[in-house]
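Below is one structure; the comments refer to it alone.
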Amino acid sequence: MADPNGPAPPPARKDYYTGPQAADFMDESEPFALFERWFGDAKRSEINDPEAMAVASADADGLPNVRMVLLKALDGAERADRGFVFYTNFKSAKGRELLGGHKAALLFHWKSLRRQVRVRGLVTEASREEADAYFSSRARGSRIGAWASHQSEAMSGRYDLEKAAAWYGVKHAIGEIPRPEHWSGFRVTPLEVEFWHDRPFRLHDRVVFRRPDPATPWKRDWLFP
């Protein structure tokens, strides 16, 4: 029976602002220091995975794909190609698209802070040394999983995955588990980084840092929300 009073109205959206003032954005001449400050805030406030980020790429036909991964490193200031690093199976749809186009977009959304950061940039592969060091730091089960999963390929059921994991678990029961050649890291070196912070009445803060290439100084602009 229909409710005679009609559907309940949606809950009112909370409009409040607890973040940095405009001067805090404009203190920075490049985006990494501000990102590190916001990332530190997120580590203290987010319930789960403050390092979670969406990675967008495009296939050979230009059709976009997006998925969540975890940021594993933000390079230090000494690197000319300083960027955001994550790891994946290079034979996956994500890996094939990034290797084919060498460009990506990232999005961090920290709901507890009402902030988001958008990144667009160039994709390069992490070095073998970087990939080996990170792979060896992973839990043993995660290293077995990297061998067992034919990421993005079809399987008849979960049993296929569990059987492969069991097989590789026996194969690598003793000693170190080597990193698969098809499993490594990507570095996104940004050409554009945009910071967004919620403000009342949709009068949000948006500040973007842009540069045409990694060797060029950053240019900072405010954007209408």
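Residue numbering restarts at 1 for every chain of the structure tokens, chains are lettered A, B, ... in their displayed order, and ligands are numbered from 1 as they appear.
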Residues at most 8 Å from range 129-131 of chain A, counting only C-alpha atoms, excluding those fewer than 6 positions away in the same chain, as a VMD selection string? chain A and resid 87 184 to 185
| message | With only C-alpha atoms as the counted atoms, please give the residues lying no more than 12 Å from range 172-175 of chain A, apart from itself and same-chain residues fewer than 2 positions off, as a list of chain:residue names. | response |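 Skipping anything fewer than 2 positions along the chain leaves A:Ser136, A:Arg140, A:Gly141, A:Arg143, A:Ile144, A:Gly145, A:Trp147, A:Ala148, A:Ala165, A:Ala166, A:Trp167, A:Tyr168, A:Gly169, A:Val170, A:Ile177, A:Pro178, A:Arg179.
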Give me, as a count of residues only, the residues of range 141-218 of chain A that a backbone DSSP run labels strand (DSSP E).
21
Please produce, as CSV, a per-residue contact table for range 75-142 of chain A versus range 149-154 of chain A (criterion: any atom at most 8 Å away, only C-alpha atoms considered), showing the nearest atom pair and its distance in Å to one decimal, sorted by chain then residue number.
residue,atom,partner,partner_atom,distance
A:Asn89,CA,A:Gln151,CA,6.7
A:Lys91,CA,A:Gln151,CA,7.0
A:Ser92,CA,A:Gln151,CA,5.1
A:Ala93,CA,A:Ser152,CA,6.1
From the list A:Arg220, A:Arg210, A:Arg187, A:Arg138, the nearest residue to Ala104 in chain A using only C-alpha atoms is A:Arg187
- Query: Skipping near chain neighbours, those fewer than 6 positions away, what residues fall within 12 Å of Leu223 in chain A using only C-alpha atoms, listed as an NGL selection string?
  - Reply: :A and (194-197 or 203-209)
Item to check | Every residue of chain A that DSSP places in alpha helix (DSSP H), as a PyMOL selection string | outcome: chain A and resi 22-26+31-45+93-101+128-137+140-148+158-171
Each range 102-164 of chain A residue no farther than 8 Å from range 47-61 of chain A, nearest pair in Å, only C-alpha atoms, as a tab-separated table:
residue	atom	partner	partner_atom	distance
A:Lys103	CA	A:Ser57	CA	7.0
A:Ala104	CA	A:Ser57	CA	5.2
A:Ala105	CA	A:Ala56	CA	5.0
A:Leu106	CA	A:Val55	CA	4.7
A:Leu107	CA	A:Ala54	CA	5.0
A:Phe108	CA	A:Met53	CA	4.8
A:His109	CA	A:Met53	CA	7.3
A:Trp110	CA	A:Pro50	CA	7.0
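Taking CA of Asp198 in chain A as the reference point, CA of Lys219 in chain A is found at 22.7 Å.
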Expressed in Å, the length from CA of Glu46 in chain A to CA of Lys111 in chain A is 7.5 Å
Tell me which protein, DNA and RNA residues are within 12 Å of Pro212 in chain A, counting only C-alpha atoms, leaving out same-chain ones fewer than 4 positions away, and put them as JSON, numbers by chain. {"A": [120, 121, 122, 189, 190, 191, 192, 216, 217, 218, 219]}
Export, as a PDB file, in the first residue's frame, the selected residues with N, CA and C atoms.
ATOM      1  N   ARG A 120      46.474  14.208 -13.151  1.00  0.00           N
ATOM      2  CA  ARG A 120      46.594  13.743 -14.536  1.00  0.00           C
ATOM      3  C   ARG A 120      48.061  13.794 -14.914  1.00  0.00           C
ATOM      4  N   GLY A 121      48.549  12.719 -15.575  1.00  0.00           N
ATOM      5  CA  GLY A 121      49.960  12.747 -15.881  1.00  0.00           C
ATOM      6  C   GLY A 121      50.443  11.608 -16.745  1.00  0.00           C
ATOM      7  N   LEU A 122      51.765  11.481 -16.781  1.00  0.00           N
ATOM      8  CA  LEU A 122      52.463  10.525 -17.631  1.00  0.00           C
ATOM      9  C   LEU A 122      52.812   9.281 -16.834  1.00  0.00           C
ATOM     10  N   THR A 189      53.632  10.487 -13.128  1.00  0.00           N
ATOM     11  CA  THR A 189      54.282  11.780 -12.920  1.00  0.00           C
ATOM     12  C   THR A 189      53.312  12.870 -13.352  1.00  0.00           C
ATOM     13  N   PRO A 190      52.840  13.703 -12.433  1.00  0.00           N
ATOM     14  CA  PRO A 190      51.728  14.601 -12.755  1.00  0.00           C
ATOM     15  C   PRO A 190      52.121  15.794 -13.614  1.00  0.00           C
ATOM     16  N   LEU A 191      51.203  16.127 -14.501  1.00  0.00           N
ATOM     17  CA  LEU A 191      51.242  17.388 -15.243  1.00  0.00           C
ATOM     18  C   LEU A 191      50.170  18.338 -14.723  1.00  0.00           C
ATOM     19  N   GLU A 192      49.221  17.787 -13.979  1.00  0.00           N
ATOM     20  CA  GLU A 192      48.126  18.589 -13.417  1.00  0.00           C
ATOM     21  C   GLU A 192      47.679  17.962 -12.108  1.00  0.00           C
ATOM     22  N   THR A 216      59.240  21.668 -16.309  1.00  0.00           N
ATOM     23  CA  THR A 216      58.749  23.053 -16.317  1.00  0.00           C
ATOM     24  C   THR A 216      58.171  23.421 -14.955  1.00  0.00           C
ATOM     25  N   PRO A 217      58.363  24.649 -14.473  1.00  0.00           N
ATOM     26  CA  PRO A 217      57.769  25.056 -13.186  1.00  0.00           C
ATOM     27  C   PRO A 217      56.244  24.992 -13.220  1.00  0.00           C
ATOM     28  N   TRP A 218      55.661  24.826 -12.057  1.00  0.00           N
ATOM     29  CA  TRP A 218      54.210  24.760 -11.924  1.00  0.00           C
ATOM     30  C   TRP A 218      53.580  26.138 -12.058  1.00  0.00           C
ATOM     31  N   LYS A 219      52.380  26.173 -12.638  1.00  0.00           N
ATOM     32  CA  LYS A 219      51.537  27.375 -12.658  1.00  0.00           C
ATOM     33  C   LYS A 219      50.286  27.058 -11.856  1.00  0.00           C
TER      34      LYS A 219
END
Using only C-alpha atoms, the shortest atom-to-atom distance to Thr124 in chain A among A:His182, A:His102, A:Lys43, A:Arg211 belongs to A:His102
